[in-house]
Protein chains: 2
Amino acid sequence: MDSAEDPTAISHVQEAVLYVADLDRSAAFYTAVLGLPQTYAIDEARFMQTGTDSTLILFRVQEIEARDSPIPSHGATGPAHVCFGVAPEAMDAWRARLGEHGVAIEHEHDWPLGTHSIYFRDPDGHSVELMDNTHYRKVWARLRER
Amino acid sequence: MDSAEDPTAISHVQEAVLYVADLDRSAAFYTAVLGLPQTYAIDEARFMQTGTDSTLILFRVQEIEARDSPIPSHGATGPAHVCFGVAPEAMDAWRARLGEHGVAIEHEHDWPLGTHSIYFRDPDGHSVELMDNTHYRKVWARLRER
């Protein structure tokens, strides 16, 4: 059932979350290194705009647990993963940008259909990936051909 | 600097991750209840297509830690959060769909600019949110007016 037929079709990942030790430190990292503007802040979180329709939310676990809010609680520990889409031709510019900020590239990966990813760590040790933003369309097109 | 000028502009959240105890159980939940097709599977993960350009990846933490892979490792524990965009007019259809699957709605939220969210839990207790997919564009437009 495609989205034209299914009123409950999900359009996209609208928020991804990372739990961090220091909101100021993490917001500064995501703004300076990744270019994500902070659009909103509450005691326990910072909202980092990610392109036109999605947001990375940085949460302080301790403050979520303490908050007086009707929003359902959550809070995880340990190194998580998030992946952001970037233009396929942006990889050299990204290598330069990460280098300018002293961020070490942990791994680069060539995927079978010609797309590429760059991996590095944020200040909490979360694994951040910058991936060719044509990757999934290519993968899904190939899977449909089978 | 907008995306037309900045070669390193990030376009969107391309992957969000949840760590789960039972891959089959979680994949079945996200396919049946949320309508996300499983497009790919590896020993430690299931890839659930989310609209046209993003993916939810379900990982088994134990298997990530054990894997022999060049991809940087990660793995978190505890209840996390993910939010998916849905059409603003889809909320009644979503209430019905969740009810058909016996999924309890934990909370509903009206946001100040007229958008709405529905919250429920997945089999691991992760907080899943379905949010009007016009929410962030409205928030960002309002912030720019200030």
# chains A, B, ... in the order shown; residues from 1 in each chain; ligands from 1
>>> residues_around(residues="region 95-102 of chain B", least_positions_apart="2", cutoff="10 Å", atoms="only C-alpha atoms", output="PyMOL selection string")
(chain A and resi 8) or (chain B and resi 29+32-34+90-93+104-105+118+120)
>>> select_by_dssp(residues="chain B", states="strand (DSSP E)", output="PyMOL selection string")
chain B and resi 10-20+38-42+45-50+54-60+81-86+105-110+116-121+127-132
>>> residues_around(residues="region 46-48 of chain A", least_positions_apart="5", cutoff="12 Å", atoms="only C-alpha atoms", output="PDB file with N, CA and C atoms, in the first residue's frame")
ATOM      1  N   GLN A  14      11.185  11.957  11.809  1.00  0.00           N
ATOM      2  CA  GLN A  14      11.052  13.392  12.078  1.00  0.00           C
ATOM      3  C   GLN A  14      11.983  13.841  13.208  1.00  0.00           C
ATOM      4  N   GLU A  15      12.228  12.969  14.162  1.00  0.00           N
ATOM      5  CA  GLU A  15      13.167  13.285  15.249  1.00  0.00           C
ATOM      6  C   GLU A  15      14.037  12.072  15.528  1.00  0.00           C
ATOM      7  N   ALA A  16      15.331  12.314  15.632  1.00  0.00           N
ATOM      8  CA  ALA A  16      16.239  11.331  16.203  1.00  0.00           C
ATOM      9  C   ALA A  16      16.774  11.942  17.496  1.00  0.00           C
ATOM     10  N   VAL A  17      17.109  11.095  18.447  1.00  0.00           N
ATOM     11  CA  VAL A  17      17.492  11.545  19.782  1.00  0.00           C
ATOM     12  C   VAL A  17      18.858  10.989  20.154  1.00  0.00           C
ATOM     13  N   LEU A  18      19.653  11.834  20.785  1.00  0.00           N
ATOM     14  CA  LEU A  18      20.869  11.358  21.453  1.00  0.00           C
ATOM     15  C   LEU A  18      20.846  11.869  22.895  1.00  0.00           C
ATOM     16  N   TYR A  19      21.299  11.046  23.817  1.00  0.00           N
ATOM     17  CA  TYR A  19      21.367  11.407  25.230  1.00  0.00           C
ATOM     18  C   TYR A  19      22.799  11.816  25.538  1.00  0.00           C
ATOM     19  N   VAL A  20      22.940  12.991  26.130  1.00  0.00           N
ATOM     20  CA  VAL A  20      24.276  13.572  26.274  1.00  0.00           C
ATOM     21  C   VAL A  20      24.519  14.011  27.713  1.00  0.00           C
ATOM     22  N   ASP A  22      26.380  16.803  28.556  1.00  0.00           N
ATOM     23  CA  ASP A  22      26.520  18.250  28.696  1.00  0.00           C
ATOM     24  C   ASP A  22      25.840  18.902  27.488  1.00  0.00           C
ATOM     25  N   LEU A  23      24.687  19.495  27.716  1.00  0.00           N
ATOM     26  CA  LEU A  23      23.905  20.042  26.595  1.00  0.00           C
ATOM     27  C   LEU A  23      24.656  21.143  25.852  1.00  0.00           C
ATOM     28  N   ASP A  24      25.321  22.023  26.590  1.00  0.00           N
ATOM     29  CA  ASP A  24      26.033  23.123  25.929  1.00  0.00           C
ATOM     30  C   ASP A  24      27.143  22.588  25.023  1.00  0.00           C
ATOM     31  N   ARG A  25      27.909  21.648  25.567  1.00  0.00           N
ATOM     32  CA  ARG A  25      29.011  21.073  24.796  1.00  0.00           C
ATOM     33  C   ARG A  25      28.489  20.400  23.527  1.00  0.00           C
ATOM     34  N   SER A  26      27.416  19.626  23.674  1.00  0.00           N
ATOM     35  CA  SER A  26      26.909  18.896  22.507  1.00  0.00           C
ATOM     36  C   SER A  26      26.270  19.830  21.489  1.00  0.00           C
ATOM     37  N   ALA A  27      25.509  20.806  21.972  1.00  0.00           N
ATOM     38  CA  ALA A  27      24.887  21.746  21.026  1.00  0.00           C
ATOM     39  C   ALA A  27      25.966  22.501  20.254  1.00  0.00           C
ATOM     40  N   ALA A  28      27.028  22.894  20.948  1.00  0.00           N
ATOM     41  CA  ALA A  28      28.125  23.598  20.268  1.00  0.00           C
ATOM     42  C   ALA A  28      28.760  22.712  19.206  1.00  0.00           C
ATOM     43  N   PHE A  29      28.942  21.446  19.523  1.00  0.00           N
ATOM     44  CA  PHE A  29      29.529  20.504  18.564  1.00  0.00           C
ATOM     45  C   PHE A  29      28.640  20.363  17.335  1.00  0.00           C
ATOM     46  N   TYR A  30      27.363  20.142  17.544  1.00  0.00           N
ATOM     47  CA  TYR A  30      26.482  19.898  16.395  1.00  0.00           C
ATOM     48  C   TYR A  30      26.283  21.157  15.561  1.00  0.00           C
ATOM     49  N   THR A  31      26.382  22.311  16.190  1.00  0.00           N
ATOM     50  CA  THR A  31      26.285  23.545  15.411  1.00  0.00           C
ATOM     51  C   THR A  31      27.588  23.835  14.662  1.00  0.00           C
ATOM     52  N   ALA A  32      28.706  23.792  15.388  1.00  0.00           N
ATOM     53  CA  ALA A  32      29.972  24.177  14.757  1.00  0.00           C
ATOM     54  C   ALA A  32      30.429  23.126  13.745  1.00  0.00           C
ATOM     55  N   LEU A  34      28.756  20.204  12.605  1.00  0.00           N
ATOM     56  CA  LEU A  34      27.793  19.675  11.640  1.00  0.00           C
ATOM     57  C   LEU A  34      26.915  20.742  10.993  1.00  0.00           C
ATOM     58  N   GLY A  35      26.975  21.961  11.499  1.00  0.00           N
ATOM     59  CA  GLY A  35      26.200  23.023  10.864  1.00  0.00           C
ATOM     60  C   GLY A  35      24.710  22.976  11.162  1.00  0.00           C
ATOM     61  N   LEU A  36      24.322  22.297  12.240  1.00  0.00           N
ATOM     62  CA  LEU A  36      22.894  22.214  12.586  1.00  0.00           C
ATOM     63  C   LEU A  36      22.531  23.370  13.513  1.00  0.00           C
ATOM     64  N   PRO A  37      21.637  24.262  13.090  1.00  0.00           N
ATOM     65  CA  PRO A  37      21.265  25.376  13.975  1.00  0.00           C
ATOM     66  C   PRO A  37      20.438  24.888  15.167  1.00  0.00           C
ATOM     67  N   GLN A  38      20.722  25.463  16.326  1.00  0.00           N
ATOM     68  CA  GLN A  38      19.848  25.191  17.480  1.00  0.00           C
ATOM     69  C   GLN A  38      18.633  26.099  17.360  1.00  0.00           C
ATOM     70  N   THR A  39      17.466  25.492  17.219  1.00  0.00           N
ATOM     71  CA  THR A  39      16.263  26.299  17.005  1.00  0.00           C
ATOM     72  C   THR A  39      15.441  26.470  18.261  1.00  0.00           C
ATOM     73  N   TYR A  40      15.705  25.630  19.255  1.00  0.00           N
ATOM     74  CA  TYR A  40      14.857  25.674  20.445  1.00  0.00           C
ATOM     75  C   TYR A  40      15.611  25.001  21.581  1.00  0.00           C
ATOM     76  N   ALA A  41      15.346  25.475  22.801  1.00  0.00           N
ATOM     77  CA  ALA A  41      15.988  24.877  23.976  1.00  0.00           C
ATOM     78  C   ALA A  41      14.984  24.820  25.113  1.00  0.00           C
ATOM     79  N   ASP A  53      12.968  19.113   7.289  1.00  0.00           N
ATOM     80  CA  ASP A  53      11.810  18.457   7.908  1.00  0.00           C
ATOM     81  C   ASP A  53      12.133  17.586   9.114  1.00  0.00           C
ATOM     82  N   SER A  54      13.375  17.588   9.569  1.00  0.00           N
ATOM     83  CA  SER A  54      13.689  16.704  10.693  1.00  0.00           C
ATOM     84  C   SER A  54      14.604  17.416  11.679  1.00  0.00           C
ATOM     85  N   THR A  55      14.710  16.829  12.861  1.00  0.00           N
ATOM     86  CA  THR A  55      15.409  17.463  13.975  1.00  0.00           C
ATOM     87  C   THR A  55      16.168  16.410  14.769  1.00  0.00           C
ATOM     88  N   LEU A  56      17.355  16.769  15.168  1.00  0.00           N
ATOM     89  CA  LEU A  56      18.088  15.998  16.168  1.00  0.00           C
ATOM     90  C   LEU A  56      17.786  16.628  17.520  1.00  0.00           C
ATOM     91  N   ILE A  57      17.344  15.815  18.471  1.00  0.00           N
ATOM     92  CA  ILE A  57      17.117  16.343  19.820  1.00  0.00           C
ATOM     93  C   ILE A  57      18.181  15.769  20.752  1.00  0.00           C
ATOM     94  N   LEU A  58      18.872  16.668  21.416  1.00  0.00           N
ATOM     95  CA  LEU A  58      19.874  16.295  22.405  1.00  0.00           C
ATOM     96  C   LEU A  58      19.208  16.389  23.775  1.00  0.00           C
ATOM     97  N   PHE A  59      19.185  15.268  24.504  1.00  0.00           N
ATOM     98  CA  PHE A  59      18.548  15.233  25.820  1.00  0.00           C
ATOM     99  C   PHE A  59      19.582  14.956  26.906  1.00  0.00           C
ATOM    100  N   ARG A  60      19.378  15.592  28.038  1.00  0.00           N
ATOM    101  CA  ARG A  60      20.115  15.236  29.251  1.00  0.00           C
ATOM    102  C   ARG A  60      19.260  14.242  30.033  1.00  0.00           C
TER     103      ARG A  60
ATOM    104  N   ILE B  10      23.612  19.411   5.631  1.00  0.00           N
ATOM    105  CA  ILE B  10      22.956  18.140   5.942  1.00  0.00           C
ATOM    106  C   ILE B  10      21.507  18.236   5.487  1.00  0.00           C
ATOM    107  N   HIS B  12      18.927  15.742   5.939  1.00  0.00           N
ATOM    108  CA  HIS B  12      17.891  15.145   6.791  1.00  0.00           C
ATOM    109  C   HIS B  12      18.499  14.081   7.700  1.00  0.00           C
ATOM    110  N   VAL B  13      17.692  13.689   8.688  1.00  0.00           N
ATOM    111  CA  VAL B  13      18.041  12.501   9.481  1.00  0.00           C
ATOM    112  C   VAL B  13      17.797  11.295   8.581  1.00  0.00           C
ATOM    113  N   TYR B 136       7.615  20.912  12.295  1.00  0.00           N
ATOM    114  CA  TYR B 136       8.862  21.679  12.387  1.00  0.00           C
ATOM    115  C   TYR B 136       8.911  22.837  11.400  1.00  0.00           C
ATOM    116  N   VAL B 139       7.119  25.542  13.177  1.00  0.00           N
ATOM    117  CA  VAL B 139       7.896  26.092  14.299  1.00  0.00           C
ATOM    118  C   VAL B 139       9.028  26.968  13.773  1.00  0.00           C
ATOM    119  N   TRP B 140       9.744  26.475  12.774  1.00  0.00           N
ATOM    120  CA  TRP B 140      10.893  27.233  12.263  1.00  0.00           C
ATOM    121  C   TRP B 140      10.445  28.524  11.597  1.00  0.00           C
TER     122      TRP B 140
END
>>> closest_residue(among="A:Ala76, A:Ala45, A:Val103, A:Val128", to="chain B", atoms="only C-alpha atoms")
A:Ala76
>>> select_by_dssp(residues="region 70-113 of chain A", states="helix (DSSP H, G or I)", output="list in words")
Pro88, Glu89, Ala90, Met91, Asp92, Ala93, Trp94, Arg95, Ala96, Arg97, Leu98, Gly99 and Glu100 of chain A
>>> atom_distance(atom1="CA of Val82 (chain A)", atom2="CA of Leu130 (chain A)")
8.8 Å
>>> calpha_fit_and_write(fixed="chain A", moving="chain B", output="PDB file with C-alpha atoms, in the first residue's frame")
ATOM      1  CA  MET B   1      -0.207  -0.082  -0.064  1.00  0.00           C
ATOM      2  CA  ASP B   2       1.461   3.168  -1.049  1.00  0.00           C
ATOM      3  CA  SER B   3       1.126   6.515   0.629  1.00  0.00           C
ATOM      4  CA  ALA B   4      -1.537   7.675  -1.818  1.00  0.00           C
ATOM      5  CA  GLU B   5      -3.798   4.911  -0.543  1.00  0.00           C
ATOM      6  CA  ASP B   6      -2.819   4.589   3.098  1.00  0.00           C
ATOM      7  CA  PRO B   7      -3.857   7.510   5.304  1.00  0.00           C
ATOM      8  CA  THR B   8      -1.508   6.247   8.023  1.00  0.00           C
ATOM      9  CA  ALA B   9       1.606   6.268   5.824  1.00  0.00           C
ATOM     10  CA  ILE B  10       4.682   7.484   7.685  1.00  0.00           C
ATOM     11  CA  SER B  11       6.556  10.117   5.700  1.00  0.00           C
ATOM     12  CA  HIS B  12       9.958  10.208   7.399  1.00  0.00           C
ATOM     13  CA  VAL B  13      12.008  10.036  10.563  1.00  0.00           C
ATOM     14  CA  GLN B  14      11.065  13.378  12.066  1.00  0.00           C
ATOM     15  CA  GLU B  15      13.178  13.291  15.248  1.00  0.00           C
ATOM     16  CA  ALA B  16      16.250  11.340  16.190  1.00  0.00           C
ATOM     17  CA  VAL B  17      17.497  11.549  19.769  1.00  0.00           C
ATOM     18  CA  LEU B  18      20.881  11.357  21.447  1.00  0.00           C
ATOM     19  CA  TYR B  19      21.376  11.404  25.223  1.00  0.00           C
ATOM     20  CA  VAL B  20      24.287  13.576  26.264  1.00  0.00           C
ATOM     21  CA  ALA B  21      26.185  14.517  29.400  1.00  0.00           C
ATOM     22  CA  ASP B  22      26.537  18.258  28.700  1.00  0.00           C
ATOM     23  CA  LEU B  23      23.915  20.046  26.611  1.00  0.00           C
ATOM     24  CA  ASP B  24      26.038  23.133  25.927  1.00  0.00           C
ATOM     25  CA  ARG B  25      29.010  21.070  24.800  1.00  0.00           C
ATOM     26  CA  SER B  26      26.914  18.892  22.518  1.00  0.00           C
ATOM     27  CA  ALA B  27      24.891  21.743  21.030  1.00  0.00           C
ATOM     28  CA  ALA B  28      28.128  23.602  20.272  1.00  0.00           C
ATOM     29  CA  PHE B  29      29.538  20.514  18.568  1.00  0.00           C
ATOM     30  CA  TYR B  30      26.485  19.899  16.402  1.00  0.00           C
ATOM     31  CA  THR B  31      26.277  23.550  15.407  1.00  0.00           C
ATOM     32  CA  ALA B  32      29.974  24.180  14.752  1.00  0.00           C
ATOM     33  CA  VAL B  33      31.011  20.852  13.300  1.00  0.00           C
ATOM     34  CA  LEU B  34      27.795  19.664  11.631  1.00  0.00           C
ATOM     35  CA  GLY B  35      26.201  23.023  10.874  1.00  0.00           C
ATOM     36  CA  LEU B  36      22.897  22.211  12.592  1.00  0.00           C
ATOM     37  CA  PRO B  37      21.262  25.366  13.965  1.00  0.00           C
ATOM     38  CA  GLN B  38      19.850  25.190  17.471  1.00  0.00           C
ATOM     39  CA  THR B  39      16.269  26.306  17.001  1.00  0.00           C
ATOM     40  CA  TYR B  40      14.861  25.686  20.444  1.00  0.00           C
ATOM     41  CA  ALA B  41      15.995  24.892  23.974  1.00  0.00           C
ATOM     42  CA  ILE B  42      14.249  23.627  27.083  1.00  0.00           C
ATOM     43  CA  ASP B  43      15.798  22.693  30.409  1.00  0.00           C
ATOM     44  CA  GLU B  44      16.372  19.094  29.430  1.00  0.00           C
ATOM     45  CA  ALA B  45      16.912  19.349  25.678  1.00  0.00           C
ATOM     46  CA  ARG B  46      18.239  21.195  22.670  1.00  0.00           C
ATOM     47  CA  PHE B  47      16.571  21.003  19.263  1.00  0.00           C
ATOM     48  CA  MET B  48      19.007  21.001  16.363  1.00  0.00           C
ATOM     49  CA  GLN B  49      17.384  21.623  12.979  1.00  0.00           C
ATOM     50  CA  THR B  50      18.361  18.984  10.443  1.00  0.00           C
ATOM     51  CA  GLY B  51      17.541  20.099   6.918  1.00  0.00           C
ATOM     52  CA  THR B  52      13.973  20.988   6.051  1.00  0.00           C
ATOM     53  CA  ASP B  53      11.825  18.457   7.908  1.00  0.00           C
ATOM     54  CA  SER B  54      13.698  16.718  10.696  1.00  0.00           C
ATOM     55  CA  THR B  55      15.415  17.471  13.968  1.00  0.00           C
ATOM     56  CA  LEU B  56      18.105  16.005  16.166  1.00  0.00           C
ATOM     57  CA  ILE B  57      17.127  16.340  19.813  1.00  0.00           C
ATOM     58  CA  LEU B  58      19.883  16.294  22.421  1.00  0.00           C
ATOM     59  CA  PHE B  59      18.547  15.243  25.820  1.00  0.00           C
ATOM     60  CA  ARG B  60      20.120  15.252  29.252  1.00  0.00           C
ATOM     61  CA  VAL B  61      18.935  11.979  30.759  1.00  0.00           C
ATOM     62  CA  GLN B  62      18.980  13.161  34.354  1.00  0.00           C
ATOM     63  CA  GLU B  63      16.764  16.116  33.529  1.00  0.00           C
ATOM     64  CA  ILE B  64      14.272  14.034  31.584  1.00  0.00           C
ATOM     65  CA  GLU B  65      13.873  11.785  34.579  1.00  0.00           C
ATOM     66  CA  ALA B  66      13.322  14.762  36.857  1.00  0.00           C
ATOM     67  CA  ARG B  67      11.001  16.737  34.649  1.00  0.00           C
ATOM     68  CA  ASP B  68       7.421  17.564  35.417  1.00  0.00           C
ATOM     69  CA  SER B  69       5.927  17.032  31.978  1.00  0.00           C
ATOM     70  CA  PRO B  70       3.030  15.166  30.423  1.00  0.00           C
ATOM     71  CA  ILE B  71       5.349  13.955  27.639  1.00  0.00           C
ATOM     72  CA  PRO B  72       6.194  10.257  28.091  1.00  0.00           C
ATOM     73  CA  SER B  73       9.623   9.751  29.612  1.00  0.00           C
ATOM     74  CA  HIS B  74      12.608   8.045  28.060  1.00  0.00           C
ATOM     75  CA  GLY B  75      16.368   8.023  28.499  1.00  0.00           C
ATOM     76  CA  ALA B  76      19.095   5.644  27.348  1.00  0.00           C
ATOM     77  CA  THR B  77      22.752   5.255  28.169  1.00  0.00           C
ATOM     78  CA  GLY B  78      25.702   4.114  26.107  1.00  0.00           C
ATOM     79  CA  PRO B  79      27.001   4.976  22.670  1.00  0.00           C
ATOM     80  CA  ALA B  80      24.185   5.266  20.131  1.00  0.00           C
ATOM     81  CA  HIS B  81      24.186   5.967  16.430  1.00  0.00           C
ATOM     82  CA  VAL B  82      22.666   8.544  14.142  1.00  0.00           C
ATOM     83  CA  CYS B  83      23.106   9.036  10.414  1.00  0.00           C
ATOM     84  CA  PHE B  84      22.566  12.246   8.468  1.00  0.00           C
ATOM     85  CA  GLY B  85      22.120  12.579   4.723  1.00  0.00           C
ATOM     86  CA  VAL B  86      24.605  14.707   2.776  1.00  0.00           C
ATOM     87  CA  ALA B  87      25.084  15.333  -0.931  1.00  0.00           C
ATOM     88  CA  PRO B  88      27.094  12.585  -2.648  1.00  0.00           C
ATOM     89  CA  GLU B  89      29.598  15.152  -3.930  1.00  0.00           C
ATOM     90  CA  ALA B  90      30.139  16.606  -0.441  1.00  0.00           C
ATOM     91  CA  MET B  91      32.554  14.004   0.932  1.00  0.00           C
ATOM     92  CA  ASP B  92      35.762  15.944   0.255  1.00  0.00           C
ATOM     93  CA  ALA B  93      34.244  19.084   1.744  1.00  0.00           C
ATOM     94  CA  TRP B  94      33.240  17.048   4.788  1.00  0.00           C
ATOM     95  CA  ARG B  95      36.727  15.599   5.225  1.00  0.00           C
ATOM     96  CA  ALA B  96      38.077  19.141   5.174  1.00  0.00           C
ATOM     97  CA  ARG B  97      35.423  20.445   7.559  1.00  0.00           C
ATOM     98  CA  LEU B  98      35.981  17.670  10.089  1.00  0.00           C
ATOM     99  CA  GLY B  99      39.739  18.237   9.852  1.00  0.00           C
ATOM    100  CA  GLU B 100      39.322  21.962  10.516  1.00  0.00           C
ATOM    101  CA  HIS B 101      37.487  21.097  13.721  1.00  0.00           C
ATOM    102  CA  GLY B 102      39.998  18.464  14.791  1.00  0.00           C
ATOM    103  CA  VAL B 103      37.401  15.706  14.528  1.00  0.00           C
ATOM    104  CA  ALA B 104      39.025  12.377  13.666  1.00  0.00           C
ATOM    105  CA  ILE B 105      37.378  10.245  11.019  1.00  0.00           C
ATOM    106  CA  GLU B 106      36.948   6.793  12.545  1.00  0.00           C
ATOM    107  CA  HIS B 107      35.982   4.965   9.368  1.00  0.00           C
ATOM    108  CA  GLU B 108      34.902   5.525   5.780  1.00  0.00           C
ATOM    109  CA  HIS B 109      32.777   3.026   3.949  1.00  0.00           C
ATOM    110  CA  ASP B 110      32.028   2.364   0.294  1.00  0.00           C
ATOM    111  CA  TRP B 111      28.641   0.714  -0.107  1.00  0.00           C
ATOM    112  CA  PRO B 112      27.971  -1.748  -2.937  1.00  0.00           C
ATOM    113  CA  LEU B 113      25.801   0.573  -5.037  1.00  0.00           C
ATOM    114  CA  GLY B 114      28.411   3.323  -5.165  1.00  0.00           C
ATOM    115  CA  THR B 115      27.420   5.373  -2.144  1.00  0.00           C
ATOM    116  CA  HIS B 116      29.770   6.392   0.655  1.00  0.00           C
ATOM    117  CA  SER B 117      29.719   7.074   4.406  1.00  0.00           C
ATOM    118  CA  ILE B 118      32.053   8.911   6.801  1.00  0.00           C
ATOM    119  CA  TYR B 119      31.959   7.984  10.508  1.00  0.00           C
ATOM    120  CA  PHE B 120      33.200   9.930  13.529  1.00  0.00           C
ATOM    121  CA  ARG B 121      32.364  10.344  17.224  1.00  0.00           C
ATOM    122  CA  ASP B 122      30.560  13.161  18.976  1.00  0.00           C
ATOM    123  CA  PRO B 123      31.651  14.440  22.431  1.00  0.00           C
ATOM    124  CA  ASP B 124      29.731  11.634  24.188  1.00  0.00           C
ATOM    125  CA  GLY B 125      31.173   8.914  21.981  1.00  0.00           C
ATOM    126  CA  HIS B 126      28.021   8.515  19.906  1.00  0.00           C
ATOM    127  CA  SER B 127      28.728   7.190  16.419  1.00  0.00           C
ATOM    128  CA  VAL B 128      27.793   9.842  13.861  1.00  0.00           C
ATOM    129  CA  GLU B 129      27.568   8.918  10.195  1.00  0.00           C
ATOM    130  CA  LEU B 130      27.362  11.201   7.189  1.00  0.00           C
ATOM    131  CA  MET B 131      25.953   9.192   4.328  1.00  0.00           C
ATOM    132  CA  ASP B 132      25.293   9.940   0.687  1.00  0.00           C
ATOM    133  CA  ASN B 133      21.673  11.013   0.732  1.00  0.00           C
ATOM    134  CA  THR B 134      20.863   8.969  -2.379  1.00  0.00           C
ATOM    135  CA  HIS B 135      21.836   5.720  -0.625  1.00  0.00           C
ATOM    136  CA  TYR B 136      18.472   4.338   0.428  1.00  0.00           C
ATOM    137  CA  ARG B 137      16.659   5.256  -2.764  1.00  0.00           C
ATOM    138  CA  LYS B 138      19.320   3.311  -4.663  1.00  0.00           C
ATOM    139  CA  VAL B 139      19.124   0.329  -2.320  1.00  0.00           C
ATOM    140  CA  TRP B 140      15.328   0.209  -2.410  1.00  0.00           C
ATOM    141  CA  ALA B 141      15.250   0.532  -6.203  1.00  0.00           C
ATOM    142  CA  ARG B 142      17.660  -2.394  -6.484  1.00  0.00           C
ATOM    143  CA  LEU B 143      15.612  -4.497  -4.077  1.00  0.00           C
ATOM    144  CA  ARG B 144      12.449  -3.817  -6.101  1.00  0.00           C
ATOM    145  CA  GLU B 145      14.158  -5.116  -9.235  1.00  0.00           C
ATOM    146  CA  ARG B 146      14.663  -8.544  -7.687  1.00  0.00           C
TER     147      ARG B 146
END
>>> decode(residues="region 47-81 of chain B", atoms="C-alpha atoms", output="PDB file, in the first residue's frame")
ATOM      1  CA  PHE B  47      16.289  -2.067   8.267  1.00  0.00           C
ATOM      2  CA  MET B  48      12.767  -0.674   8.278  1.00  0.00           C
ATOM      3  CA  GLN B  49      12.038   1.713   5.407  1.00  0.00           C
ATOM      4  CA  THR B  50      10.571   4.983   6.635  1.00  0.00           C
ATOM      5  CA  GLY B  51       8.997   6.931   3.794  1.00  0.00           C
ATOM      6  CA  THR B  52      11.121   7.889   0.820  1.00  0.00           C
ATOM      7  CA  ASP B  53      14.511   8.831   2.265  1.00  0.00           C
ATOM      8  CA  SER B  54      15.009   7.534   5.783  1.00  0.00           C
ATOM      9  CA  THR B  55      15.240   4.289   7.691  1.00  0.00           C
ATOM     10  CA  LEU B  56      14.694   3.011  11.196  1.00  0.00           C
ATOM     11  CA  ILE B  57      17.379   0.490  12.090  1.00  0.00           C
ATOM     12  CA  LEU B  58      16.631  -2.033  14.824  1.00  0.00           C
ATOM     13  CA  PHE B  59      19.831  -3.368  16.381  1.00  0.00           C
ATOM     14  CA  ARG B  60      20.459  -6.195  18.804  1.00  0.00           C
ATOM     15  CA  VAL B  61      23.088  -4.770  21.137  1.00  0.00           C
ATOM     16  CA  GLN B  62      24.709  -8.085  21.975  1.00  0.00           C
ATOM     17  CA  GLU B  63      25.238  -8.882  18.313  1.00  0.00           C
ATOM     18  CA  ILE B  64      26.701  -5.482  17.519  1.00  0.00           C
ATOM     19  CA  GLU B  65      29.251  -5.986  20.244  1.00  0.00           C
ATOM     20  CA  ALA B  66      30.151  -9.411  18.896  1.00  0.00           C
ATOM     21  CA  ARG B  67      30.264  -8.561  15.231  1.00  0.00           C
ATOM     22  CA  ASP B  68      33.308  -8.704  13.042  1.00  0.00           C
ATOM     23  CA  SER B  69      32.751  -5.547  11.026  1.00  0.00           C
ATOM     24  CA  PRO B  70      34.693  -2.458  10.036  1.00  0.00           C
ATOM     25  CA  ILE B  71      31.646  -0.314  10.884  1.00  0.00           C
ATOM     26  CA  PRO B  72      32.198   1.597  14.146  1.00  0.00           C
ATOM     27  CA  SER B  73      30.442  -0.037  17.073  1.00  0.00           C
ATOM     28  CA  HIS B  74      27.672   1.395  19.195  1.00  0.00           C
ATOM     29  CA  GLY B  75      24.932   0.112  21.471  1.00  0.00           C
ATOM     30  CA  ALA B  76      22.764   1.777  24.107  1.00  0.00           C
ATOM     31  CA  THR B  77      20.413   0.496  26.758  1.00  0.00           C
ATOM     32  CA  GLY B  78      17.242   1.921  28.232  1.00  0.00           C
ATOM     33  CA  PRO B  79      14.101   3.417  26.770  1.00  0.00           C
ATOM     34  CA  ALA B  80      14.870   5.747  23.865  1.00  0.00           C
ATOM     35  CA  HIS B  81      12.657   7.877  21.684  1.00  0.00           C
TER      36      HIS B  81
END
